[in-house]
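Trainee: As input, take entry-v9.pdb (PDB, C-alpha atoms and all ligand atoms):
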ATOM      1  CA  MET A  58      38.910  -1.969 -15.464
ATOM      2  CA  THR A  59      36.614  -4.713 -14.251
ATOM      3  CA  GLU A  60      33.605  -5.372 -16.392
ATOM      4  CA  LYS A  61      30.275  -4.867 -14.752
ATOM      5  CA  LYS A  62      28.095  -7.902 -14.247
ATOM      6  CA  ARG A  63      24.932  -8.044 -16.265
ATOM      7  CA  LEU A  64      21.585  -7.378 -14.654
ATOM      8  CA  LEU A  65      18.156  -7.773 -16.222
ATOM      9  CA  THR A  66      14.703  -7.279 -14.888
ATOM     10  CA  GLY A  67      11.234  -7.177 -16.398
ATOM     11  CA  LEU A  68       8.374  -4.809 -15.763
ATOM     12  CA  GLN A  69       4.811  -5.904 -15.897
ATOM     13  CA  SER A  70       2.727  -2.908 -14.974
ATOM     14  CA  SER A  71      -0.142  -3.417 -12.588
ATOM     15  CA  GLY A  72      -1.675   0.039 -12.634
ATOM     16  CA  ALA A  73      -0.944   3.300 -10.882
ATOM     17  CA  LEU A  74       2.021   3.159  -8.525
ATOM     18  CA  HIS A  75       1.894   4.174  -4.885
ATOM     19  CA  ILE A  76       4.635   5.131  -2.453
ATOM     20  CA  GLY A  77       4.671   1.559  -1.156
ATOM     21  CA  ASN A  78       5.784   0.385  -4.623
ATOM     22  CA  TYR A  79       8.345   3.167  -4.695
ATOM     23  CA  PHE A  80      10.013   2.465  -1.348
ATOM     24  CA  GLY A  81       9.438  -1.284  -1.556
ATOM     25  CA  SER A  82      10.779  -2.057  -5.006
ATOM     26  CA  ILE A  83      11.470   0.889  -7.311
ATOM     27  CA  LYS A  84      13.839   2.872  -5.098
ATOM     28  CA  PRO A  85      15.910  -0.198  -4.127
ATOM     29  CA  PHE A  86      16.226  -0.919  -7.861
ATOM     30  CA  VAL A  87      17.128   2.677  -8.724
ATOM     31  CA  ASP A  88      19.790   2.580  -5.997
ATOM     32  CA  MET A  89      21.488  -0.519  -7.425
ATOM     33  CA  TYR A  90      21.162  -0.608 -11.221
ATOM     34  CA  GLU A  91      24.161   1.593 -12.013
ATOM     35  CA  GLY A  92      26.500  -0.914 -10.396
ATOM     36  CA  TYR A  93      25.707  -3.349 -13.218
ATOM     37  CA  GLU A  94      25.315  -3.430 -16.961
ATOM     38  CA  SER A  95      21.571  -3.131 -16.653
ATOM     39  CA  PHE A  96      18.764  -4.184 -18.955
ATOM     40  CA  LEU A  97      15.237  -3.115 -18.106
ATOM     41  CA  MET A  98      12.603  -4.873 -20.165
ATOM     42  CA  VAL A  99       8.928  -4.045 -20.557
ATOM     43  CA  ALA A 100       7.276  -7.479 -20.540
ATOM     44  CA  ASP A 101       4.571  -6.651 -23.071
ATOM     45  CA  TYR A 102       4.224 -10.214 -24.387
ATOM     46  CA  HIS A 103       3.875 -11.480 -20.854
ATOM     47  CA  ALA A 104       1.164  -8.869 -20.358
ATOM     48  CA  LEU A 105      -0.878 -10.498 -23.135
ATOM     49  CA  THR A 106      -1.472 -13.486 -20.860
ATOM     50  CA  SER A 107      -3.934 -11.264 -19.013
ATOM     51  CA  LEU A 108      -4.625  -8.124 -21.090
ATOM     52  CA  LYS A 109      -6.826  -8.360 -24.179
ATOM     53  CA  ASP A 110      -7.493  -4.655 -24.752
ATOM     54  CA  PRO A 111      -4.891  -3.291 -27.208
ATOM     55  CA  LYS A 112      -5.315   0.292 -25.936
ATOM     56  CA  LEU A 113      -4.560  -0.888 -22.427
ATOM     57  CA  VAL A 114      -1.524  -2.869 -23.572
ATOM     58  CA  GLN A 115      -0.139   0.275 -25.237
ATOM     59  CA  GLU A 116      -0.880   2.373 -22.179
ATOM     60  CA  CYS A 117       0.941  -0.094 -19.947
ATOM     61  CA  ILE A 118       4.014   0.114 -22.163
ATOM     62  CA  TYR A 119       4.100   3.918 -22.040
ATOM     63  CA  ASN A 120       3.371   3.988 -18.314
ATOM     64  CA  SER A 121       6.028   1.453 -17.365
ATOM     65  CA  VAL A 122       8.754   3.419 -19.114
ATOM     66  CA  LYS A 123       7.557   6.793 -17.818
ATOM     67  CA  ASP A 124       7.259   5.498 -14.253
ATOM     68  CA  PHE A 125      10.778   4.116 -14.133
ATOM     69  CA  VAL A 126      12.451   7.018 -15.863
ATOM     70  CA  ALA A 127      10.612   9.503 -13.627
ATOM     71  CA  ALA A 128      11.566   7.486 -10.559
ATOM     72  CA  GLY A 129      15.235   7.758 -11.439
ATOM     73  CA  VAL A 130      16.348   5.245 -14.084
ATOM     74  CA  ASP A 131      18.512   7.124 -16.574
ATOM     75  CA  PRO A 132      17.986   5.748 -20.112
ATOM     76  CA  SER A 133      21.617   6.507 -20.927
ATOM     77  CA  LYS A 134      22.745   4.228 -18.088
ATOM     78  CA  ALA A 135      20.455   1.250 -18.684
ATOM     79  CA  VAL A 136      19.142  -0.469 -21.787
ATOM     80  CA  ILE A 137      15.382   0.056 -21.653
ATOM     81  CA  PHE A 138      13.532  -2.019 -24.247
ATOM     82  CA  LYS A 139      10.386  -3.949 -24.820
ATOM     83  CA  GLN A 140      10.171  -7.675 -25.187
ATOM     84  CA  SER A 141       8.143  -7.682 -28.398
ATOM     85  CA  ASP A 142      10.866  -5.674 -30.182
ATOM     86  CA  VAL A 143      13.336  -8.526 -29.781
ATOM     87  CA  GLN A 144      11.771 -11.591 -31.426
ATOM     88  CA  GLU A 145      14.547 -13.794 -30.085
ATOM     89  CA  HIS A 146      12.663 -13.920 -26.768
ATOM     90  CA  THR A 147       9.654 -15.799 -28.132
ATOM     91  CA  GLU A 148      11.934 -17.846 -30.354
ATOM     92  CA  LEU A 149      14.069 -19.069 -27.467
ATOM     93  CA  ALA A 150      10.985 -19.640 -25.321
ATOM     94  CA  TRP A 151       9.790 -22.152 -27.922
ATOM     95  CA  ILE A 152      13.045 -24.063 -27.685
ATOM     96  CA  PHE A 153      12.736 -24.190 -23.893
ATOM     97  CA  ASP A 154       9.116 -25.326 -24.234
ATOM     98  CA  CYS A 155      10.433 -28.289 -26.202
ATOM     99  CA  LEU A 156      12.881 -29.171 -23.409
ATOM    100  CA  VAL A 157      10.687 -28.979 -20.320
ATOM    101  CA  THR A 158       7.840 -31.270 -19.405
ATOM    102  CA  VAL A 159       4.198 -30.524 -18.717
ATOM    103  CA  PRO A 160       4.353 -31.784 -15.089
ATOM    104  CA  PHE A 161       7.303 -29.447 -14.483
ATOM    105  CA  LEU A 162       5.323 -26.431 -15.704
ATOM    106  CA  GLU A 163       2.280 -27.587 -13.749
ATOM    107  CA  LEU A 164       4.189 -26.749 -10.561
ATOM    108  CA  GLY A 165       4.245 -23.037 -11.460
ATOM    109  CA  HIS A 166       2.606 -20.854  -8.786
ATOM    110  CA  ALA A 167       0.880 -18.491 -11.208
ATOM    111  CA  TYR A 168      -0.616 -21.407 -13.118
ATOM    112  CA  LYS A 169      -1.557 -23.349  -9.988
ATOM    113  CA  ASP A 170      -3.239 -20.315  -8.409
ATOM    114  CA  LYS A 171      -5.345 -19.786 -11.491
ATOM    115  CA  VAL A 172      -6.440 -23.416 -11.561
ATOM    116  CA  ALA A 173      -7.056 -23.415  -7.781
ATOM    117  CA  LYS A 174      -9.492 -20.545  -8.297
ATOM    118  CA  GLY A 175     -11.368 -22.710 -10.765
ATOM    119  CA  LEU A 176     -10.301 -20.472 -13.652
ATOM    120  CA  GLU A 177      -9.078 -21.555 -17.035
ATOM    121  CA  ALA A 178      -5.422 -20.737 -17.683
ATOM    122  CA  ASN A 179      -4.408 -19.914 -21.240
ATOM    123  CA  ALA A 180      -1.413 -21.733 -22.692
ATOM    124  CA  GLY A 181       0.597 -18.508 -22.510
ATOM    125  CA  LEU A 182       0.171 -18.372 -18.752
ATOM    126  CA  PHE A 183       1.156 -22.030 -18.572
ATOM    127  CA  THR A 184       4.413 -21.485 -20.435
ATOM    128  CA  TYR A 185       5.011 -18.001 -18.962
ATOM    129  CA  PRO A 186       8.086 -19.212 -17.011
ATOM    130  CA  MET A 187       9.831 -20.308 -20.228
ATOM    131  CA  LEU A 188       9.353 -16.907 -21.868
ATOM    132  CA  MET A 189      10.739 -15.350 -18.713
ATOM    133  CA  ALA A 190      13.663 -17.787 -18.775
ATOM    134  CA  ALA A 191      14.357 -16.681 -22.346
ATOM    135  CA  ASP A 192      14.229 -12.992 -21.299
ATOM    136  CA  ILE A 193      16.901 -13.626 -18.725
ATOM    137  CA  LEU A 194      19.135 -16.212 -20.393
ATOM    138  CA  LEU A 195      19.474 -14.505 -23.775
ATOM    139  CA  TYR A 196      21.584 -11.811 -22.133
ATOM    140  CA  ASP A 197      23.917 -13.988 -20.031
ATOM    141  CA  THR A 198      22.273 -12.298 -17.086
ATOM    142  CA  VAL A 199      23.970 -12.871 -13.762
ATOM    143  CA  ILE A 200      21.578 -11.099 -11.455
ATOM    144  CA  VAL A 201      17.832 -10.611 -11.625
ATOM    145  CA  PRO A 202      16.300  -8.126  -9.176
ATOM    146  CA  VAL A 203      12.719  -9.180  -8.501
ATOM    147  CA  GLY A 204      10.143  -9.223  -5.753
ATOM    148  CA  GLU A 205       9.712 -12.256  -3.542
ATOM    149  CA  ASP A 206       6.739 -13.404  -5.656
ATOM    150  CA  GLN A 207       9.074 -13.981  -8.614
ATOM    151  CA  ARG A 208      11.557 -16.248  -6.838
ATOM    152  CA  GLN A 209      10.157 -19.411  -8.385
ATOM    153  CA  HIS A 210      10.399 -17.941 -11.875
ATOM    154  CA  ILE A 211      14.143 -17.492 -11.460
ATOM    155  CA  GLU A 212      14.410 -21.132 -10.379
ATOM    156  CA  TYR A 213      12.623 -22.020 -13.609
ATOM    157  CA  ALA A 214      15.155 -19.958 -15.543
ATOM    158  CA  ARG A 215      18.018 -21.835 -13.887
ATOM    159  CA  GLU A 216      16.333 -25.138 -14.728
ATOM    160  CA  ALA A 217      15.858 -24.121 -18.349
ATOM    161  CA  ALA A 218      19.540 -23.150 -18.557
ATOM    162  CA  ALA A 219      20.638 -26.454 -17.006
ATOM    163  CA  LYS A 220      18.374 -28.513 -19.272
ATOM    164  CA  PHE A 221      19.664 -26.769 -22.365
ATOM    165  CA  ASN A 222      23.305 -27.001 -21.247
ATOM    166  CA  ASN A 223      22.931 -30.731 -20.476
ATOM    167  CA  THR A 224      21.346 -31.436 -23.814
ATOM    168  CA  TYR A 225      23.399 -29.250 -26.134
ATOM    169  CA  GLY A 226      26.537 -28.242 -24.217
ATOM    170  CA  GLN A 227      27.398 -25.229 -22.082
ATOM    171  CA  THR A 228      25.523 -22.207 -23.472
ATOM    172  CA  PHE A 229      23.659 -20.371 -20.730
ATOM    173  CA  ILE A 230      24.642 -18.904 -17.384
ATOM    174  CA  GLU A 231      22.451 -19.922 -14.451
ATOM    175  CA  PRO A 232      21.194 -16.595 -13.067
ATOM    176  CA  LYS A 233      20.602 -15.624  -9.452
ATOM    177  CA  GLU A 234      17.668 -13.722  -8.082
ATOM    178  CA  HIS A 235      18.249 -10.606  -6.063
ATOM    179  CA  ILE A 236      15.175 -10.217  -3.910
ATOM    180  CA  VAL A 237      14.405  -6.523  -3.763
ATOM    181  CA  LYS A 238      13.228  -5.631  -0.314
ATOM    182  CA  ALA A 239      12.280  -2.502   1.500
ATOM    183  CA  VAL A 240      13.715  -1.963   4.951
ATOM    184  CA  GLY A 241      10.620  -3.185   6.748
ATOM    185  CA  THR A 242       7.011  -3.045   5.645
ATOM    186  CA  ILE A 243       5.671   0.139   4.087
ATOM    187  CA  PRO A 244       2.556   1.009   6.064
ATOM    188  CA  GLY A 245      -0.585   2.390   4.447
ATOM    189  CA  THR A 246      -2.988   5.045   5.709
ATOM    190  CA  ASP A 247      -4.608   2.520   8.064
ATOM    191  CA  GLY A 248      -1.340   1.181   9.467
ATOM    192  CA  LYS A 249      -1.586  -2.096   7.543
ATOM    193  CA  LYS A 250       0.830  -2.883   4.684
ATOM    194  CA  MET A 251       0.265  -0.374   1.865
ATOM    195  CA  SER A 252      -1.512  -2.209  -0.912
ATOM    196  CA  LYS A 253      -3.857  -1.364  -3.745
ATOM    197  CA  SER A 254      -6.173  -4.146  -2.621
ATOM    198  CA  TYR A 255      -6.581  -2.581   0.850
ATOM    199  CA  GLY A 256      -7.367   0.876  -0.557
ATOM    200  CA  ASN A 257      -4.871   2.442   1.871
ATOM    201  CA  THR A 258      -2.380   3.891  -0.587
ATOM    202  CA  ILE A 259      -0.729   7.245  -1.218
ATOM    203  CA  PRO A 260      -0.277   7.646  -4.988
ATOM    204  CA  LEU A 261       3.304   8.054  -6.211
ATOM    205  CA  PHE A 262       2.587  10.444  -9.052
ATOM    206  CA  GLY A 263      -0.577  11.928  -7.578
ATOM    207  CA  THR A 264      -1.304  15.644  -7.498
ATOM    208  CA  LYS A 265      -0.626  17.548  -4.305
ATOM    209  CA  GLU A 266      -4.379  17.518  -3.627
ATOM    210  CA  GLU A 267      -4.469  13.737  -3.930
ATOM    211  CA  ILE A 268      -1.566  13.399  -1.523
ATOM    212  CA  GLN A 269      -3.270  15.782   0.868
ATOM    213  CA  LYS A 270      -6.474  13.785   0.731
ATOM    214  CA  ALA A 271      -4.650  10.505   1.357
ATOM    215  CA  VAL A 272      -2.645  11.934   4.260
ATOM    216  CA  MET A 273      -5.709  13.481   5.886
ATOM    217  CA  SER A 274      -7.338  10.052   5.729
ATOM    218  CA  ILE A 275      -4.556   8.459   7.800
ATOM    219  CA  VAL A 276      -6.231   6.755  10.711
ATOM    220  CA  THR A 277      -5.311   8.295  14.073
ATOM    221  CA  ASP A 278      -6.656   7.405  17.461
ATOM    222  CA  SER A 279      -6.769  10.161  20.000
ATOM    223  CA  SER A 280      -5.334   8.132  22.848
ATOM    224  CA  GLY A 281      -1.715   9.275  22.526
ATOM    225  CA  GLN A 282       0.363  12.347  21.741
ATOM    226  CA  LYS A 283       2.007  10.730  18.754
ATOM    227  CA  PRO A 284      -0.140   9.510  15.838
ATOM    228  CA  GLU A 285       1.590   6.210  15.090
ATOM    229  CA  ASN A 286       0.243   5.738  11.578
ATOM    230  CA  VAL A 287       1.359   9.221  10.540
ATOM    231  CA  TYR A 288       4.770   8.654  12.102
ATOM    232  CA  ALA A 289       5.226   5.279  10.382
ATOM    233  CA  ILE A 290       4.851   6.872   6.956
ATOM    234  CA  HIS A 291       6.807   9.967   7.933
ATOM    235  CA  LYS A 292       9.809   7.783   8.761
ATOM    236  CA  LEU A 293      10.201   7.045   5.053
ATOM    237  CA  PHE A 294      10.891  10.721   4.388
ATOM    238  CA  ARG A 295      12.907  11.933   7.375
ATOM    239  CA  THR A 296      15.384  10.633   9.915
ATOM    240  CA  GLU A 297      14.052   9.621  13.293
ATOM    241  CA  ALA A 298      16.142  12.372  14.909
ATOM    242  CA  GLU A 299      14.413  15.016  12.791
ATOM    243  CA  LEU A 300      11.052  13.519  13.540
ATOM    244  CA  GLU A 301      11.679  13.413  17.254
ATOM    245  CA  THR A 302      11.882  17.200  17.430
ATOM    246  CA  LEU A 303       8.946  17.733  15.099
ATOM    247  CA  TYR A 304       6.709  15.281  16.957
ATOM    248  CA  ALA A 305       7.746  16.657  20.361
ATOM    249  CA  GLU A 306       6.950  20.217  19.294
ATOM    250  CA  ASN A 307       3.605  19.136  17.915
ATOM    251  CA  ALA A 308       2.578  16.618  20.530
ATOM    252  CA  GLY A 309      -1.133  15.960  20.182
ATOM    253  CA  LYS A 310      -1.439  18.321  17.176
ATOM    254  CA  TYR A 311      -2.347  15.773  14.552
ATOM    255  CA  LYS A 312      -3.316  18.327  11.927
ATOM    256  CA  ASN A 313       0.085  20.046  12.089
ATOM    257  CA  LEU A 314       1.873  16.728  11.809
ATOM    258  CA  LYS A 315      -0.199  15.681   8.835
ATOM    259  CA  ASP A 316       0.477  19.018   7.142
ATOM    260  CA  ALA A 317       4.202  18.510   7.721
ATOM    261  CA  LEU A 318       3.966  15.024   6.233
ATOM    262  CA  VAL A 319       2.193  16.363   3.134
ATOM    263  CA  GLU A 320       5.043  18.853   2.643
ATOM    264  CA  ASP A 321       7.702  16.181   3.096
ATOM    265  CA  ILE A 322       6.010  13.805   0.651
ATOM    266  CA  GLU A 323       5.545  16.629  -1.827
ATOM    267  CA  ASN A 324       9.230  17.557  -1.643
ATOM    268  CA  VAL A 325      10.216  14.053  -2.677
ATOM    269  CA  ILE A 326       7.557  13.185  -5.193
ATOM    270  CA  GLY A 327       6.838  16.651  -6.613
ATOM    271  CA  PRO A 328       9.982  16.595  -8.778
ATOM    272  CA  MET A 329       9.244  13.010  -9.863
ATOM    273  CA  ARG A 330       5.704  13.963 -10.863
ATOM    274  CA  GLU A 331       7.042  16.907 -12.845
ATOM    275  CA  LYS A 332       9.587  14.710 -14.533
ATOM    276  CA  ARG A 333       6.925  12.155 -15.356
ATOM    277  CA  ASN A 334       4.656  14.781 -16.883
ATOM    278  CA  SER A 335       7.516  16.029 -19.022
ATOM    279  CA  ILE A 336       8.082  12.653 -20.705
ATOM    280  CA  SER A 337       6.052  12.400 -23.904
ATOM    281  CA  ASN A 338       4.947   9.258 -25.695
ATOM    282  CA  ASP A 339       7.456  10.151 -28.410
ATOM    283  CA  ASP A 340      10.218  10.267 -25.805
ATOM    284  CA  VAL A 341       9.216   6.757 -24.750
ATOM    285  CA  LYS A 342       9.303   5.557 -28.354
ATOM    286  CA  LYS A 343      12.780   6.970 -28.771
ATOM    287  CA  ILE A 344      14.028   5.365 -25.548
ATOM    288  CA  LEU A 345      12.575   2.007 -26.594
ATOM    289  CA  ALA A 346      13.988   2.219 -30.125
ATOM    290  CA  ASP A 347      17.485   2.885 -28.784
ATOM    291  CA  GLY A 348      17.090   0.101 -26.254
ATOM    292  CA  ALA A 349      15.758  -2.362 -28.830
ATOM    293  CA  ALA A 350      18.820  -1.876 -31.029
ATOM    294  CA  LYS A 351      21.169  -2.557 -28.131
ATOM    295  CA  ALA A 352      19.200  -5.517 -26.792
ATOM    296  CA  LYS A 353      18.792  -6.989 -30.265
ATOM    297  CA  ALA A 354      22.545  -6.967 -30.832
ATOM    298  CA  VAL A 355      23.128  -9.113 -27.755
ATOM    299  CA  ALA A 356      20.121 -11.384 -28.205
ATOM    300  CA  SER A 357      20.658 -12.118 -31.885
ATOM    301  CA  ALA A 358      24.273 -13.199 -31.349
ATOM    302  CA  LYS A 359      23.161 -15.548 -28.584
ATOM    303  CA  MET A 360      20.336 -16.922 -30.663
ATOM    304  CA  GLU A 361      22.637 -17.669 -33.568
ATOM    305  CA  ASP A 362      24.672 -19.879 -31.262
ATOM    306  CA  VAL A 363      21.468 -21.555 -30.031
ATOM    307  CA  ARG A 364      20.245 -22.256 -33.576
ATOM    308  CA  GLN A 365      23.589 -23.866 -34.379
ATOM    309  CA  LYS A 366      23.517 -25.982 -31.270
ATOM    310  CA  VAL A 367      19.973 -27.321 -31.713
ATOM    311  CA  GLY A 368      20.635 -28.087 -35.382
ATOM    312  CA  VAL A 369      18.219 -25.820 -37.213
ATOM    313  CA  ALA A 370      21.054 -23.758 -38.717
ATOM    314  CA  ILE A 371      22.314 -25.770 -41.689
TER
HETATM  315  N1  LIG A 401       7.195 -11.859 -14.230
HETATM  316  C1  LIG A 401       7.726 -10.590 -13.829
HETATM  317  C2  LIG A 401       6.684  -9.897 -12.950
HETATM  318  O1  LIG A 401       5.520 -10.189 -13.028
HETATM  319  C3  LIG A 401       8.050  -9.711 -15.005
HETATM  320  C4  LIG A 401       9.145 -10.278 -15.848
HETATM  321  C5  LIG A 401       9.062 -10.724 -17.120
HETATM  322  C6  LIG A 401      10.520 -10.407 -15.464
HETATM  323  N2  LIG A 401      10.249 -11.120 -17.579
HETATM  324  C7  LIG A 401      11.179 -10.954 -16.602
HETATM  325  C8  LIG A 401      11.228 -10.115 -14.285
HETATM  326  C9  LIG A 401      12.550 -11.228 -16.553
HETATM  327  C10 LIG A 401      12.599 -10.383 -14.263
HETATM  328  C11 LIG A 401      13.253 -10.942 -15.390
HETATM  329  O2  LIG A 401       7.043  -9.012 -12.214
END
As structure tokens - that is how I would like this structure written.
Ligand code: TRP

Mentor:
Amino acid sequence: MTEKKRLLTGLQSSGALHIGNYFGSIKPFVDMYEGYESFLMVADYHALTSLKDPKLVQECIYNSVKDFVAAGVDPSKAVIFKQSDVQEHTELAWIFDCLVTVPFLELGHAYKDKVAKGLEANAGLFTYPMLMAADILLYDTVIVPVGEDQRQHIEYAREAAAKFNNTYGQTFIEPKEHIVKAVGTIPGTDGKKMSKSYGNTIPLFGTKEEIQKAVMSIVTDSSGQKPENVYAIHKLFRTEAELETLYAENAGKYKNLKDALVEDIENVIGPMREKRNSISNDDVKKILADGAAKAKAVASAKMEDVRQKVGVAI
């Protein structure tokens, strides 16, 4: 039996999910994670770089776990845990902080963007890439599925691994990013890329009424027989062959086509919404407690080696 390679990714919730998030990043992840020994980490300490409201921090933790489990991650097939439960993450981050230079961290996109906007970055945001490097490297992670915006952070993790290995001897694996991509852009209700900031989204766990409202708001122009913006979203839920018949039968009947789209969306996300509603906060706590024990076992063994190598273990 060949051992599965280790995969780790981190979740930093950015509010209510929409179907663009689902088809663009969550579904591709759900489709791949079982092929690896997967670790899914709620990045709650990373969240503190921007969130200062404790209630909101807690909510984000619950929501992240519920979202991913409802969308198809089986807690018995992946280790789901939160960063703050495994103190080795912040501990290792400190050691990396002592290896990398300030000019190196000053090249970080997240930090640079903040400064470019004339805003003050906290020190946590500045050293964010070293905490993320620790998240990844503690587990001898081989592959890190992330969005394109996180590519640089994986480079930082490789650098941290190389710096440590050069200084103290071979200890960490240099991980590779796996850029999670949808097949093409997911269009929103106005035909542009679906994005919270454009206000053109269809909520992933919304009620049927909310889906209906979003679908009815899809922009159509009356010039053709086929409403392109409706079709573009419909393609996510049905094959083009199926759609060809439906759209031919309903040529020019935009209302019928929108109704059909509502039904098709509902068939896919209805069960996910139900699943999400069935997961209690206590269920989340249980999932995270199980995950923490498993993650801790791996991370503490690695950290013992690190403490030996840097000389603090006497
Ligand atoms: N920075 C990532 C994001 O914003 C979240 C994250 C934290 C992460 N630690 C990680 C992703 C480790 C992959 C691996 O999406």

Trainee: Find the residue from A:Ala104, A:Leu113, A:Thr242, A:Leu182 that sits nearest to Gly81 (chain A); use all atoms listed in the file when measuring.

Mentor: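 Nearest to Gly81 (chain A): A:Thr242.
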
Trainee: Go ahead and compute the interatomic distance for CA of Tyr311 (chain A) and CA of Lys249 (chain A), in Å to one decimal.

Mentor: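 Calculated distance between CA of Tyr311 (chain A) and CA of Lys249 (chain A) is 19.2 Å.
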
Trainee: Grab me every residue within 8 Å of ligand LIG 401 (chain A), counting only C-alpha atoms and all ligand atoms, and send it over as a PyMOL selection string.

Mentor: chain A and resi 65-70+98-100+103+186+188-190+192-193+201-204+206-207+210-211

Trainee: Keeping only C-alpha atoms, write the selected residues to a file as a PDB file, in the frame of the given file.

Mentor:
ATOM      1  CA  LEU A  65      18.156  -7.773 -16.222  1.00  0.00           C
ATOM      2  CA  THR A  66      14.703  -7.279 -14.888  1.00  0.00           C
ATOM      3  CA  GLY A  67      11.234  -7.177 -16.398  1.00  0.00           C
ATOM      4  CA  LEU A  68       8.374  -4.809 -15.763  1.00  0.00           C
ATOM      5  CA  GLN A  69       4.811  -5.904 -15.897  1.00  0.00           C
ATOM      6  CA  SER A  70       2.727  -2.908 -14.974  1.00  0.00           C
ATOM      7  CA  MET A  98      12.603  -4.873 -20.165  1.00  0.00           C
ATOM      8  CA  VAL A  99       8.928  -4.045 -20.557  1.00  0.00           C
ATOM      9  CA  ALA A 100       7.276  -7.479 -20.540  1.00  0.00           C
ATOM     10  CA  HIS A 103       3.875 -11.480 -20.854  1.00  0.00           C
ATOM     11  CA  PRO A 186       8.086 -19.212 -17.011  1.00  0.00           C
ATOM     12  CA  LEU A 188       9.353 -16.907 -21.868  1.00  0.00           C
ATOM     13  CA  MET A 189      10.739 -15.350 -18.713  1.00  0.00           C
ATOM     14  CA  ALA A 190      13.663 -17.787 -18.775  1.00  0.00           C
ATOM     15  CA  ASP A 192      14.229 -12.992 -21.299  1.00  0.00           C
ATOM     16  CA  ILE A 193      16.901 -13.626 -18.725  1.00  0.00           C
ATOM     17  CA  VAL A 201      17.832 -10.611 -11.625  1.00  0.00           C
ATOM     18  CA  PRO A 202      16.300  -8.126  -9.176  1.00  0.00           C
ATOM     19  CA  VAL A 203      12.719  -9.180  -8.501  1.00  0.00           C
ATOM     20  CA  GLY A 204      10.143  -9.223  -5.753  1.00  0.00           C
ATOM     21  CA  ASP A 206       6.739 -13.404  -5.656  1.00  0.00           C
ATOM     22  CA  GLN A 207       9.074 -13.981  -8.614  1.00  0.00           C
ATOM     23  CA  HIS A 210      10.399 -17.941 -11.875  1.00  0.00           C
ATOM     24  CA  ILE A 211      14.143 -17.492 -11.460  1.00  0.00           C
TER      25      ILE A 211
END

Trainee: Tell me which of A:Glu212, A:Glu148, A:Glu266, A:Asp362 sits closest to His166 (chain A), counting all atoms listed in the file.

Mentor: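 Closest residue, counting all atoms listed in the file: A:Glu212.
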
Trainee: Grab the CA of Arg208 (chain A) to CA of Lys134 (chain A) distance for me, in Å with one decimal place.

Mentor: 25.9 Å

Trainee: Could you please determine the separation between CA of Gly281 (chain A) and CA of Asp247 (chain A) in Å, to one decimal place?

Mentor: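 Taking CA of Gly281 (chain A) and CA of Asp247 (chain A), their separation equals 16.2 Å.
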
Trainee: Quick one: which residues end up in the PyMOL selection byres (((chain A and resi 106) around 10) and not hetatm) for this structure, as a list in words?

Mentor: Asp101, Tyr102, His103, Ala104, Leu105, Ser107, Leu108, Lys109, Ala178, Asn179, Ala180, Gly181, Leu182, Phe183, Thr184 and Tyr185 of chain A

Trainee: Can you list what the PyMOL selection byres (((chain A and resi 221) around 10) and not hetatm) grabs from this structure, as a PyMOL selection string?

Mentor: chain A and resi 152-153+156-157+215-220+222-229+363+366-367
